[in-house]
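Accompanying notes for the structure given below.
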Amino acid sequence: MSNKKIKRSVIFPIIMLIYLGAMAWIGRDRLARGEYLYYFGIIGISLLIIVLLYFSLRKKEQLRQRREQEQEQAQYTTYADEENNKAQ
């Protein structure tokens, strides 16, 4: 079993999907009244926003990870590199 942490780009969209499901359940009376376009339009727009949120958070995490890797590589040098820099 791995000790991987669940990423924010997964947690927040899942929470939003659960919220959307609850709101769709609460708003089902509109569907019963025949307001199909309104009901499914709101659900569709919400799903689009959740998908965009997922990709936005994923991109942000990738940029953060790349930046951390670059900082880590820049921070650590070998002893030989330090000696060469001192000699110059």
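To be explicit about the labels: the chains of the structure tokens are called A, B, and onward in the order shown, and within each one the residues are counted from 1, while ligands get numbers from 1 in the order they are shown.
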So that I can see what lies close to stretch 14-19 of chain A, please list as an MDAnalysis selection string the residues with an atom at most 10 Å from it, counting only C-alpha atoms and leaving out residues fewer than 5 positions away in the same chain. chainID A and resid 8:9 24:25 46:47 49:51 53:54
Helix (DSSP H, G or I) per DSSP on the backbone: members of chain A, as a PyMOL selection string: chain A and resi 8-26+28-32+36-75+79-87
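The space between atom CA of A:Ile43 and atom CA of A:Gly21 spans 8.9 Å.
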Would you mind reading off the distance between atom CA of A:Gly27 and atom CA of A:Ile45, one decimal, in Å? 15.0 Å
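One finds atom CA of A:Met23 at 12.8 Å from atom CA of A:Gly44.
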